[in-house]
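Reproduced below: upload.txt, with compact mmCIF, C-alpha atoms.
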```txt
# COMPACT_ATOMS: atom_id res chain seq x y z
CA MET A 614 85.20 -11.93 -61.33
CA ARG A 615 83.37 -12.05 -57.96
CA ASN A 616 82.22 -8.75 -56.50
CA ASN A 617 83.12 -8.73 -52.78
CA LYS A 618 81.86 -5.18 -52.21
CA LYS A 619 79.60 -5.03 -49.12
CA PRO A 620 76.22 -3.19 -49.39
CA SER A 621 76.30 0.26 -47.86
CA ILE A 622 74.64 0.90 -44.52
CA ASN A 623 72.32 3.49 -46.10
CA ARG A 624 71.03 0.96 -48.56
CA ILE A 625 70.27 -1.49 -45.73
CA ILE A 626 68.40 1.15 -43.78
CA PHE A 627 66.46 2.20 -46.88
CA LYS A 628 65.29 -1.34 -47.50
CA ALA A 629 64.34 -1.95 -43.83
CA PHE A 630 62.56 1.38 -43.39
CA PRO A 631 59.05 0.24 -44.50
CA TRP A 632 59.17 -2.73 -42.13
CA VAL A 633 60.25 -0.61 -39.17
CA MET A 634 57.57 1.99 -39.84
CA GLY A 635 54.93 -0.73 -40.09
CA ILE A 636 55.92 -2.19 -36.75
CA LEU A 637 55.92 1.26 -35.12
CA LEU A 638 52.46 2.01 -36.54
CA ILE A 639 51.10 -1.25 -35.14
CA LEU A 640 52.58 -0.45 -31.74
CA LEU A 641 51.05 3.02 -31.76
CA VAL A 642 47.58 1.66 -32.63
CA TYR A 643 47.87 -0.98 -29.90
CA ILE A 644 48.90 1.62 -27.31
CA LYS A 645 46.03 3.93 -28.38
CA ILE A 646 43.40 1.21 -28.11
CA ASN A 647 44.52 0.04 -24.70
CA SER A 648 44.86 3.56 -23.41
CA GLY A 649 41.26 4.36 -24.48
CA SER A 650 39.92 1.15 -22.97
CA ALA A 651 41.67 1.87 -19.68
CA GLN A 652 40.27 5.40 -19.66
CA SER A 653 36.79 4.07 -20.44
CA ASN A 654 36.98 1.55 -17.63
CA SER A 655 38.28 4.22 -15.31
CA ASN A 656 35.38 6.52 -16.21
CA ALA A 657 32.85 3.71 -15.80
CA ALA A 658 34.25 2.85 -12.40
CA SER A 659 34.21 6.50 -11.47
CA ASN A 660 30.61 6.91 -12.64
CA GLY A 661 29.54 3.76 -10.83
CA SER A 662 31.18 4.96 -7.67
CA SER A 663 29.50 8.33 -8.06
CA ALA A 664 26.08 6.77 -8.66
CA GLN A 665 26.53 4.54 -5.68
CA SER A 666 27.60 7.43 -3.50
CA GLU A 667 24.47 9.32 -4.60
CA SER A 668 21.96 6.48 -4.27
CA THR A 669 23.21 4.82 -1.12
CA PRO A 670 22.63 7.75 1.24
CA GLN A 671 19.18 8.29 -0.32
CA THR A 672 18.20 4.66 0.16
CA SER A 673 19.67 4.68 3.65
CA GLN A 674 17.72 7.82 4.49
CA VAL A 675 14.43 6.29 3.28
CA VAL A 676 15.00 3.15 5.31
CA LYS A 677 15.93 5.20 8.35
CA LYS A 678 12.76 7.31 8.11
CA ARG A 679 10.55 4.24 7.66
CA ARG A 680 12.15 2.54 10.63
CA LYS A 681 11.63 5.63 12.79
CA ILE A 682 7.94 5.97 11.80
CA LYS A 683 7.15 2.28 12.25
CA SER A 684 8.91 2.12 15.60
CA GLU A 685 6.97 5.08 16.96
CA LEU A 686 3.70 3.81 15.50
CA GLN A 687 4.19 0.31 16.88
CA SER A 688 4.95 1.67 20.34
CA TYR A 689 1.81 3.79 20.28
CA LEU A 690 -0.45 0.98 19.02
CA LYS A 691 0.97 -1.41 21.57
CA GLU A 692 0.11 1.07 24.30
CA VAL A 693 -3.51 1.66 23.19
CA THR A 694 -4.23 -2.05 22.69
CA LYS A 695 -2.45 -3.48 25.72
CA ASP A 696 -5.62 -4.12 27.74
CA GLY A 697 -7.13 -6.21 24.93
CA THR A 698 -10.19 -4.00 24.36
CA THR A 699 -8.85 -2.32 21.22
CA SER A 700 -7.57 -3.65 17.91
CA VAL A 701 -5.85 -1.46 15.32
CA SER A 702 -4.63 -2.11 11.78
CA PHE A 703 -2.81 0.47 9.66
CA TYR A 704 -1.84 0.08 5.98
CA ASN A 705 -0.32 2.88 3.92
CA LEU A 706 -1.54 2.93 0.33
CA GLY A 707 0.91 5.50 -0.99
CA ALA A 708 -0.11 8.07 -3.58
CA SER A 709 -0.77 7.97 -7.30
CA LYS A 710 2.25 8.44 -9.57
CA LYS A 711 0.99 11.91 -10.43
CA ASP A 712 0.65 12.96 -6.80
CA ALA A 713 3.86 11.21 -5.71
CA LYS A 714 5.92 13.55 -7.92
CA LYS A 715 4.79 16.49 -5.79
CA ILE A 716 5.18 14.83 -2.38
CA LYS A 717 8.27 15.32 -0.26
CA ASN A 718 9.87 11.99 0.69
CA ALA A 719 7.32 10.08 -1.41
CA ALA A 720 9.67 7.08 -1.45
CA VAL A 721 9.21 6.71 2.30
CA TYR A 722 5.50 6.08 1.80
CA LYS A 723 5.69 3.32 -0.78
CA GLU A 724 2.56 1.18 -0.51
CA GLY A 725 2.63 -1.25 2.39
CA SER A 726 6.05 -0.16 3.61
CA LEU A 727 4.71 1.21 6.90
CA THR A 728 2.04 -1.37 7.68
CA THR A 729 1.63 -1.78 11.43
CA GLU A 730 -0.96 -3.67 13.51
CA SER A 731 -1.65 -4.52 17.14
CA ASN A 732 -4.07 -7.09 18.54
CA ALA A 733 -5.21 -7.34 14.93
CA HIS A 734 -5.93 -11.07 14.75
CA THR A 735 -8.19 -11.29 17.79
CA PRO A 736 -11.83 -11.97 16.78
CA GLU A 737 -14.07 -9.11 17.87
CA VAL A 738 -17.74 -8.21 17.52
CA ALA A 739 -18.05 -6.85 13.99
CA ALA A 740 -21.22 -4.83 14.57
CA SER A 741 -22.17 -3.12 11.30
CA THR A 742 -18.73 -3.45 9.76
CA PHE A 743 -20.02 -6.89 8.72
CA LYS A 744 -21.85 -5.01 5.95
CA LEU A 745 -18.51 -4.61 4.19
CA PHE A 746 -18.42 -8.40 3.81
CA ILE A 747 -21.97 -8.39 2.48
CA SER A 748 -20.95 -5.67 0.02
CA ALA A 749 -17.94 -7.69 -1.15
CA PHE A 750 -20.06 -10.81 -1.54
CA LEU A 751 -22.68 -9.00 -3.63
CA MET A 752 -20.05 -7.39 -5.84
CA ASN A 753 -18.61 -10.83 -6.44
CA GLN A 754 -22.10 -12.00 -7.41
CA LYS A 755 -22.30 -9.10 -9.83
CA LEU A 756 -19.03 -10.14 -11.45
CA LYS A 757 -20.66 -13.52 -12.06
CA GLY A 758 -23.76 -11.90 -13.54
CA GLN A 759 -25.94 -12.78 -10.58
CA PHE A 760 -26.53 -9.30 -9.17
CA SER A 761 -27.47 -5.98 -10.78
CA TRP A 762 -28.10 -2.43 -9.71
CA THR A 763 -31.89 -2.51 -9.69
CA ALA A 764 -33.74 0.30 -7.95
CA THR A 765 -34.27 -2.01 -4.96
CA ASN A 766 -30.61 -2.97 -4.73
CA THR A 767 -29.43 0.60 -5.22
CA ASN A 768 -31.68 1.85 -2.43
CA GLY A 769 -30.79 -1.12 -0.23
CA PHE A 770 -27.06 -0.39 -0.56
CA TYR A 771 -27.65 3.25 0.26
CA GLN A 772 -29.53 2.43 3.45
CA MET A 773 -27.01 -0.27 4.40
CA ILE A 774 -23.87 1.87 3.95
CA VAL A 775 -24.95 5.47 4.46
CA ASN A 776 -27.45 4.95 7.28
CA SER A 777 -26.06 1.61 8.53
CA ASP A 778 -29.57 0.10 8.42
CA ASN A 779 -29.67 -3.67 8.94
CA THR A 780 -32.74 -4.54 6.84
CA TYR A 781 -31.10 -5.01 3.44
CA ALA A 782 -27.98 -6.76 4.76
CA ASP A 783 -30.01 -9.18 6.88
CA ALA A 784 -32.31 -9.97 3.96
CA LYS A 785 -29.38 -10.75 1.64
CA LEU A 786 -27.69 -12.86 4.30
CA GLN A 787 -30.87 -14.88 4.76
CA SER A 788 -31.43 -15.16 1.02
CA TYR A 789 -27.97 -16.49 0.16
CA GLY A 790 -27.38 -18.30 3.45
CA MET A 791 -24.68 -17.86 6.06
CA SER A 792 -22.68 -20.83 4.83
CA THR A 793 -22.49 -19.43 1.29
CA VAL A 794 -21.33 -16.02 2.44
CA ASN A 795 -18.88 -17.55 4.93
CA GLN A 796 -17.39 -19.71 2.19
CA PHE A 797 -16.87 -16.63 0.04
CA VAL A 798 -15.17 -14.87 2.96
CA LYS A 799 -12.96 -17.89 3.55
CA ASP A 800 -12.01 -18.03 -0.14
CA GLN A 801 -10.79 -14.45 0.10
CA GLY A 802 -8.44 -15.39 2.94
CA TRP A 803 -10.32 -13.33 5.52
CA TYR A 804 -11.24 -14.37 9.06
CA ASN A 805 -13.95 -17.03 9.02
CA PRO A 806 -16.68 -17.65 10.04
CA VAL A 807 -18.05 -14.13 10.25
CA PHE A 808 -21.65 -15.32 10.57
CA GLN A 809 -22.98 -17.97 12.94
CA GLU A 810 -26.50 -18.87 14.03
CA THR A 811 -27.53 -17.34 17.38
CA LYS A 812 -24.24 -15.39 17.58
CA VAL A 813 -23.32 -11.85 16.59
CA ALA A 814 -21.06 -11.42 13.57
CA THR A 815 -17.34 -11.45 14.37
CA THR A 816 -14.21 -10.49 12.48
CA THR A 817 -10.73 -9.04 13.01
CA SER A 818 -9.24 -5.65 12.26
CA HIS A 819 -6.73 -7.44 10.04
CA SER A 820 -9.48 -8.93 7.87
CA LEU A 821 -11.26 -5.60 7.55
CA MET A 822 -7.93 -4.07 6.51
CA LEU A 823 -7.46 -6.74 3.83
CA LEU A 824 -10.98 -6.13 2.51
CA LEU A 825 -10.42 -2.37 2.35
CA GLU A 826 -7.13 -2.93 0.56
CA LYS A 827 -9.02 -4.80 -2.19
CA LEU A 828 -11.64 -2.06 -2.30
CA SER A 829 -9.08 0.74 -2.47
CA GLN A 830 -7.24 -0.93 -5.36
CA ALA A 831 -10.33 -2.12 -7.30
CA GLN A 832 -9.21 -5.72 -6.94
CA GLY A 833 -10.88 -9.05 -6.17
CA PRO A 834 -14.64 -8.68 -5.74
CA PHE A 835 -14.29 -4.91 -6.29
CA LYS A 836 -12.40 -5.06 -9.59
CA ASN A 837 -15.25 -3.41 -11.48
CA SER A 838 -14.09 0.21 -11.12
CA SER A 839 -17.59 1.63 -11.54
CA ASP A 840 -18.91 -0.49 -8.67
CA GLN A 841 -15.84 0.27 -6.60
CA GLN A 842 -16.42 4.01 -7.00
CA LYS A 843 -20.12 3.61 -6.17
CA ILE A 844 -19.33 1.89 -2.86
CA LEU A 845 -16.56 4.34 -1.96
CA GLY A 846 -18.98 7.17 -2.72
CA LEU A 847 -21.55 5.73 -0.33
CA MET A 848 -18.92 5.25 2.37
CA SER A 849 -17.87 8.87 1.95
CA LYS A 850 -21.47 9.90 2.67
CA GLN A 851 -22.09 7.67 5.69
CA ILE A 852 -23.58 9.77 8.47
CA TYR A 853 -21.63 8.62 11.54
CA ARG A 854 -18.45 10.68 11.33
CA THR A 855 -17.19 11.19 14.87
CA GLY A 856 -14.61 8.39 14.61
CA ILE A 857 -11.97 8.15 11.85
CA PRO A 858 -13.34 11.11 9.83
CA ALA A 859 -13.22 13.44 12.85
CA GLY A 860 -9.73 12.31 13.89
CA ALA A 861 -8.28 12.52 10.38
CA SER A 862 -9.67 16.02 9.79
CA SER A 863 -8.39 17.12 13.19
CA ALA A 864 -4.90 15.95 12.24
CA GLN A 865 -5.05 17.81 8.93
CA SER A 866 -7.86 19.92 7.55
CA GLY A 867 -9.10 18.82 4.14
CA THR A 868 -8.51 15.10 4.73
CA LYS A 869 -11.25 12.92 3.24
CA VAL A 870 -12.53 9.60 4.58
CA ALA A 871 -14.61 6.79 3.10
CA ASP A 872 -15.51 4.51 6.02
CA LYS A 873 -17.98 2.07 7.52
CA VAL A 874 -18.78 2.16 11.22
CA GLY A 875 -20.20 -0.45 13.57
CA PHE A 876 -21.89 0.03 16.93
CA LEU A 877 -23.59 -2.55 19.12
CA ASN A 878 -23.92 -2.46 22.91
CA ASP A 879 -20.41 -1.56 24.14
CA THR A 880 -18.79 -2.09 20.73
CA ASN A 881 -17.70 0.85 18.57
CA ASN A 882 -15.78 0.10 15.37
CA ASP A 883 -14.63 2.10 12.38
CA ALA A 884 -12.90 0.95 9.19
CA GLY A 885 -11.90 3.51 6.59
CA ILE A 886 -9.82 4.63 3.65
CA VAL A 887 -8.27 8.04 4.29
CA THR A 888 -7.03 10.48 1.63
CA LEU A 889 -4.80 13.38 2.67
CA PRO A 890 -4.87 16.71 0.80
CA ASN A 891 -1.54 15.88 -0.89
CA GLY A 892 -2.89 12.58 -2.28
CA GLU A 893 -1.33 10.17 0.22
CA ARG A 894 -3.79 7.47 1.28
CA TYR A 895 -3.98 4.96 4.08
CA ILE A 896 -6.29 2.35 5.57
CA LEU A 897 -7.13 2.42 9.25
CA VAL A 898 -9.29 -0.01 11.22
CA VAL A 899 -10.04 0.57 14.89
CA MET A 900 -12.22 -1.85 16.86
CA THR A 901 -13.11 -1.06 20.48
CA HIS A 902 -15.27 -2.46 23.26
CA GLY A 903 -15.59 -2.34 27.05
CA HIS A 904 -14.86 0.62 29.33
CA ASP A 905 -18.61 1.10 29.84
CA GLN A 906 -19.04 2.25 26.26
CA SER A 907 -22.59 2.64 24.98
CA GLY A 908 -24.16 4.13 21.90
CA PHE A 909 -21.41 6.18 20.25
CA SER A 910 -19.37 6.93 23.34
CA GLY A 911 -16.33 5.03 22.01
CA PHE A 912 -16.00 7.03 18.81
CA PRO A 913 -14.08 9.95 20.40
CA LYS A 914 -11.48 7.35 21.39
CA ILE A 915 -11.33 6.16 17.77
CA ALA A 916 -10.93 9.78 16.65
CA LYS A 917 -8.08 10.28 19.12
CA ILE A 918 -6.30 7.15 17.89
CA THR A 919 -6.78 8.23 14.28
CA LYS A 920 -5.33 11.69 14.88
CA LYS A 921 -2.29 10.26 16.64
CA VAL A 922 -1.67 7.62 13.97
CA GLN A 923 -1.94 10.14 11.15
CA THR A 924 0.34 12.58 12.98
CA ILE A 925 2.97 9.92 13.61
CA VAL A 926 3.02 8.73 10.01
CA TYR A 927 2.32 11.89 8.02
CA GLY A 928 2.93 14.78 10.43
CA SER A 929 5.80 17.23 10.17
CA ASP A 930 7.87 15.25 12.66
CA ALA A 931 7.83 12.26 10.31
CA ASN A 932 9.59 14.24 7.54
```

Could you take the file, read its structure, and then write that structure out as structure tokens?
Amino acid sequence: MRNNKKPSINRIIFKAFPWVMGILLILLVYIKINSGSAQSNSNAASNGSSAQSESTPQTSQVVKKRRKIKSELQSYLKEVTKDGTTSVSFYNLGASKKDAKKIKNAAVYKEGSLTTESNAHTPEVAASTFKLFISAFLMNQKLKGQFSWTATNTNGFYQMIVNSDNTYADAKLQSYGMSTVNQFVKDQGWYNPVFQETKVATTTSHSLMLLLEKLSQAQGPFKNSSDQQKILGLMSKQIYRTGIPAGASSAQSGTKVADKVGFLNDTNNDAGIVTLPNGERYILVVMTHGHDQSGFSGFPKIAKITKKVQTIVYGSDAN
């Protein structure tokens, strides 16, 4: 006898219950995962937006300050060089990582970011700044094992840099030959030829700046740090200090300068590496002639230019 009794509704629900609960559990897990992912993406977007809002004004502020400094500096250099008797090159070296941590607006002074020049590629009488090229050449010879710090060479360097005496430099130039030294200068990418028969040595403020950049960073011919420090030490002791050293100290007491001057007839030049009390450093080259200059009469002008340049770039108005 066939049983036509239909299963009860409770029995159907009981049998289907595990399947329903399984499906619900899967749905809950899916919703949880997607909700967390959405929240994570939302947080990431929020954090990114926050970081951007924090960094953008800072970057914009740095750029704005640099633009302001460079604009003022360029206007000033254009004014002092407009008659063609003055050349100026400025290169900011920044500060060491240790010093930069203590300097307000250190990011503004990132190396090379404020470089400004005027009339910098015009060949001028080098006067005794040519001795920087002799120094670079001899340090390159030392790197090749063809020069050493004998008593004669040590004394010769002292007289050449500290007292700006010509004897040692002229002897080395004659010994190696003008063409050899000029070729070295050319290989460095500096203005060439510096030396010519029957003519005074010539160079540009730009080339002197490039040389001092190598010296300041212990690079190229100056990559031996011991030799680099020896030369910088001699430049810090050089006795003619009414140009860049006087102007830099006038702008801020305690500023130190390692420089090499040049003076010949109406030419007065100065090329130096300047270190401020807070550790910021810069290169400045000022070459002048004319205006009835004689002896050292042009160095007060160099000092005035130095003071103004340093004030524009590093003075309170720049911050």

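Considering all atoms listed in the file, the residue among A:Lys710, A:Lys717, A:Lys843, A:Lys677 positioned nearest to Trp762 (chain A) is A:Lys843.
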
Fill in the blank from the handout: Closest of A:Gln787, A:Ser777, A:Asn837, A:Ser907 to Phe743 (chain A), counting only C-alpha atoms, is A:Ser777

Exercise for the section: Find the distance between CA of Thr742 (chain A) and CA of Gln842 (chain A) and write it in Å to one decimal. Expected result: 18.5 Å

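Restricting the calculation to only C-alpha atoms, the smallest distance between Asp872 (chain A) and any of A:Leu751, A:Leu745, A:Ala739, A:Val701 is found for A:Leu745.
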
Handout entry: Residues near Gly885 (chain A), cut-off 6 Å, all atoms listed in the file, skip fewer than 4 positions along chain, as a ChimeraX atom specification
Key = /A:871-872,896-897

Deliver the residues from the most recent selection as a file, using C-alpha atoms, as a compact mmCIF listing (two decimals), in the coordinates of the input.
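Result written to again.txt:
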```
# COMPACT_ATOMS: atom_id res chain seq x y z
CA ALA A 871 -14.61 6.79 3.10
CA ASP A 872 -15.51 4.51 6.02
CA ILE A 896 -6.29 2.35 5.57
CA LEU A 897 -7.13 2.42 9.25
```

Practice task
Please identify all polymer residues within 10 Å of Lys683 (chain A), counting all atoms listed in the file, omitting same-chain residues fewer than 2 positions from it, and present them as a ChimeraX atom specification.
Solution key: /A:678-681,685-689,726-729,925-926

File of the preceding selection, C-alpha atoms, as an mmCIF file, in the frame of the given file:
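Output (out12.cif):
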```
data_model
loop_
_atom_site.group_PDB
_atom_site.id
_atom_site.type_symbol
_atom_site.label_atom_id
_atom_site.label_comp_id
_atom_site.auth_asym_id
_atom_site.auth_seq_id
_atom_site.Cartn_x
_atom_site.Cartn_y
_atom_site.Cartn_z
ATOM 1 C CA LYS A 678 12.760 7.310 8.110
ATOM 2 C CA ARG A 679 10.550 4.240 7.660
ATOM 3 C CA ARG A 680 12.150 2.540 10.630
ATOM 4 C CA LYS A 681 11.630 5.630 12.790
ATOM 5 C CA GLU A 685 6.970 5.080 16.960
ATOM 6 C CA LEU A 686 3.700 3.810 15.500
ATOM 7 C CA GLN A 687 4.190 0.310 16.880
ATOM 8 C CA SER A 688 4.950 1.670 20.340
ATOM 9 C CA TYR A 689 1.810 3.790 20.280
ATOM 10 C CA SER A 726 6.050 -0.160 3.610
ATOM 11 C CA LEU A 727 4.710 1.210 6.900
ATOM 12 C CA THR A 728 2.040 -1.370 7.680
ATOM 13 C CA THR A 729 1.630 -1.780 11.430
ATOM 14 C CA ILE A 925 2.970 9.920 13.610
ATOM 15 C CA VAL A 926 3.020 8.730 10.010
#
```

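Across the structure, CA of Lys714 (chain A) and CA of Leu823 (chain A) are spaced 27.0 Å apart.
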
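With CA of Val775 (chain A) on one side and CA of Lys850 (chain A) on the other, the separation reads 5.9 Å.
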
Some atoms are absent from region 893-904 of chain A, so rebuild all heavy atoms and return them as a PDB file, keeping the file's coordinate frame.
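Okay, rebuild_12.pdb is ready:
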```
ATOM      1  N   GLU A 893      -1.706  11.387  -0.516  1.00  0.00           N
ATOM      2  CA  GLU A 893      -1.330  10.170   0.220  1.00  0.00           C
ATOM      3  C   GLU A 893      -2.595   9.525   0.778  1.00  0.00           C
ATOM      4  O   GLU A 893      -3.516  10.208   1.220  1.00  0.00           O
ATOM      5  CB  GLU A 893      -0.376  10.509   1.365  1.00  0.00           C
ATOM      6  CG  GLU A 893       1.050  10.789   0.943  1.00  0.00           C
ATOM      7  CD  GLU A 893       1.809   9.552   0.501  1.00  0.00           C
ATOM      8  OE1 GLU A 893       1.244   8.435   0.584  1.00  0.00           O
ATOM      9  OE2 GLU A 893       2.958   9.700   0.063  1.00  0.00           O
ATOM     10  N   ARG A 894      -2.623   8.197   0.774  1.00  0.00           N
ATOM     11  CA  ARG A 894      -3.790   7.470   1.280  1.00  0.00           C
ATOM     12  C   ARG A 894      -3.356   6.377   2.255  1.00  0.00           C
ATOM     13  O   ARG A 894      -2.253   5.848   2.151  1.00  0.00           O
ATOM     14  CB  ARG A 894      -4.573   6.816   0.128  1.00  0.00           C
ATOM     15  CG  ARG A 894      -5.119   7.788  -0.903  1.00  0.00           C
ATOM     16  CD  ARG A 894      -6.023   7.070  -1.893  1.00  0.00           C
ATOM     17  NE  ARG A 894      -5.350   5.944  -2.494  1.00  0.00           N
ATOM     18  CZ  ARG A 894      -5.967   4.852  -2.970  1.00  0.00           C
ATOM     19  NH1 ARG A 894      -7.268   4.735  -2.890  1.00  0.00           N
ATOM     20  NH2 ARG A 894      -5.275   3.879  -3.508  1.00  0.00           N
ATOM     21  N   TYR A 895      -4.249   6.069   3.172  1.00  0.00           N
ATOM     22  CA  TYR A 895      -3.980   4.960   4.080  1.00  0.00           C
ATOM     23  C   TYR A 895      -5.280   4.316   4.533  1.00  0.00           C
ATOM     24  O   TYR A 895      -6.361   4.920   4.443  1.00  0.00           O
ATOM     25  CB  TYR A 895      -3.145   5.412   5.288  1.00  0.00           C
ATOM     26  CG  TYR A 895      -3.834   6.355   6.266  1.00  0.00           C
ATOM     27  CD1 TYR A 895      -4.602   5.851   7.332  1.00  0.00           C
ATOM     28  CD2 TYR A 895      -3.704   7.734   6.157  1.00  0.00           C
ATOM     29  CE1 TYR A 895      -5.207   6.706   8.258  1.00  0.00           C
ATOM     30  CE2 TYR A 895      -4.301   8.592   7.078  1.00  0.00           C
ATOM     31  CZ  TYR A 895      -5.051   8.066   8.127  1.00  0.00           C
ATOM     32  OH  TYR A 895      -5.653   8.905   9.031  1.00  0.00           O
ATOM     33  N   ILE A 896      -5.166   3.092   5.009  1.00  0.00           N
ATOM     34  CA  ILE A 896      -6.290   2.350   5.570  1.00  0.00           C
ATOM     35  C   ILE A 896      -6.101   2.301   7.074  1.00  0.00           C
ATOM     36  O   ILE A 896      -4.995   2.053   7.562  1.00  0.00           O
ATOM     37  CB  ILE A 896      -6.348   0.915   5.014  1.00  0.00           C
ATOM     38  CG1 ILE A 896      -6.695   0.934   3.522  1.00  0.00           C
ATOM     39  CG2 ILE A 896      -7.359   0.056   5.776  1.00  0.00           C
ATOM     40  CD1 ILE A 896      -6.471  -0.409   2.834  1.00  0.00           C
ATOM     41  N   LEU A 897      -7.183   2.539   7.802  1.00  0.00           N
ATOM     42  CA  LEU A 897      -7.130   2.420   9.250  1.00  0.00           C
ATOM     43  C   LEU A 897      -8.385   1.709   9.736  1.00  0.00           C
ATOM     44  O   LEU A 897      -9.504   2.042   9.331  1.00  0.00           O
ATOM     45  CB  LEU A 897      -7.042   3.807   9.906  1.00  0.00           C
ATOM     46  CG  LEU A 897      -6.911   3.806  11.433  1.00  0.00           C
ATOM     47  CD1 LEU A 897      -5.599   3.156  11.872  1.00  0.00           C
ATOM     48  CD2 LEU A 897      -7.007   5.227  11.988  1.00  0.00           C
ATOM     49  N   VAL A 898      -8.179   0.716  10.584  1.00  0.00           N
ATOM     50  CA  VAL A 898      -9.290  -0.010  11.220  1.00  0.00           C
ATOM     51  C   VAL A 898      -9.078   0.049  12.723  1.00  0.00           C
ATOM     52  O   VAL A 898      -8.001  -0.303  13.214  1.00  0.00           O
ATOM     53  CB  VAL A 898      -9.352  -1.483  10.761  1.00  0.00           C
ATOM     54  CG1 VAL A 898     -10.526  -2.189  11.444  1.00  0.00           C
ATOM     55  CG2 VAL A 898      -9.469  -1.574   9.244  1.00  0.00           C
ATOM     56  N   VAL A 899     -10.096   0.520  13.432  1.00  0.00           N
ATOM     57  CA  VAL A 899     -10.040   0.570  14.890  1.00  0.00           C
ATOM     58  C   VAL A 899     -11.297  -0.095  15.437  1.00  0.00           C
ATOM     59  O   VAL A 899     -12.416   0.324  15.131  1.00  0.00           O
ATOM     60  CB  VAL A 899      -9.960   2.018  15.426  1.00  0.00           C
ATOM     61  CG1 VAL A 899      -9.800   2.005  16.944  1.00  0.00           C
ATOM     62  CG2 VAL A 899      -8.814   2.788  14.771  1.00  0.00           C
ATOM     63  N   MET A 900     -11.102  -1.143  16.235  1.00  0.00           N
ATOM     64  CA  MET A 900     -12.220  -1.850  16.860  1.00  0.00           C
ATOM     65  C   MET A 900     -12.083  -1.719  18.371  1.00  0.00           C
ATOM     66  O   MET A 900     -11.017  -1.985  18.930  1.00  0.00           O
ATOM     67  CB  MET A 900     -12.209  -3.332  16.451  1.00  0.00           C
ATOM     68  CG  MET A 900     -12.191  -3.562  14.947  1.00  0.00           C
ATOM     69  SD  MET A 900     -12.261  -5.329  14.489  1.00  0.00           S
ATOM     70  CE  MET A 900     -14.008  -5.673  14.762  1.00  0.00           C
ATOM     71  N   THR A 901     -13.165  -1.284  19.034  1.00  0.00           N
ATOM     72  CA  THR A 901     -13.110  -1.060  20.480  1.00  0.00           C
ATOM     73  C   THR A 901     -14.328  -1.669  21.179  1.00  0.00           C
ATOM     74  O   THR A 901     -15.391  -1.806  20.580  1.00  0.00           O
ATOM     75  CB  THR A 901     -13.075   0.440  20.818  1.00  0.00           C
ATOM     76  OG1 THR A 901     -14.361   1.010  20.528  1.00  0.00           O
ATOM     77  CG2 THR A 901     -12.015   1.165  20.012  1.00  0.00           C
ATOM     78  N   HIS A 902     -14.140  -2.016  22.425  1.00  0.00           N
ATOM     79  CA  HIS A 902     -15.270  -2.460  23.260  1.00  0.00           C
ATOM     80  C   HIS A 902     -14.890  -2.255  24.733  1.00  0.00           C
ATOM     81  O   HIS A 902     -13.751  -1.924  25.059  1.00  0.00           O
ATOM     82  CB  HIS A 902     -15.601  -3.937  22.996  1.00  0.00           C
ATOM     83  CG  HIS A 902     -14.545  -4.891  23.446  1.00  0.00           C
ATOM     84  ND1 HIS A 902     -13.457  -5.225  22.665  1.00  0.00           N
ATOM     85  CD2 HIS A 902     -14.397  -5.585  24.618  1.00  0.00           C
ATOM     86  CE1 HIS A 902     -12.696  -6.094  23.312  1.00  0.00           C
ATOM     87  NE2 HIS A 902     -13.239  -6.326  24.500  1.00  0.00           N
ATOM     88  N   GLY A 903     -15.862  -2.463  25.616  1.00  0.00           N
ATOM     89  CA  GLY A 903     -15.590  -2.340  27.050  1.00  0.00           C
ATOM     90  C   GLY A 903     -15.560  -0.902  27.526  1.00  0.00           C
ATOM     91  O   GLY A 903     -16.046   0.018  26.856  1.00  0.00           O
ATOM     92  N   HIS A 904     -15.011  -0.711  28.724  1.00  0.00           N
ATOM     93  CA  HIS A 904     -14.860   0.620  29.330  1.00  0.00           C
ATOM     94  C   HIS A 904     -16.203   1.336  29.459  1.00  0.00           C
ATOM     95  O   HIS A 904     -16.275   2.561  29.320  1.00  0.00           O
ATOM     96  CB  HIS A 904     -13.872   1.474  28.532  1.00  0.00           C
ATOM     97  CG  HIS A 904     -12.498   0.898  28.454  1.00  0.00           C
ATOM     98  ND1 HIS A 904     -11.611   0.940  29.519  1.00  0.00           N
ATOM     99  CD2 HIS A 904     -11.850   0.226  27.453  1.00  0.00           C
ATOM    100  CE1 HIS A 904     -10.474   0.342  29.157  1.00  0.00           C
ATOM    101  NE2 HIS A 904     -10.606  -0.108  27.914  1.00  0.00           N
TER     102      HIS A 904
END
```
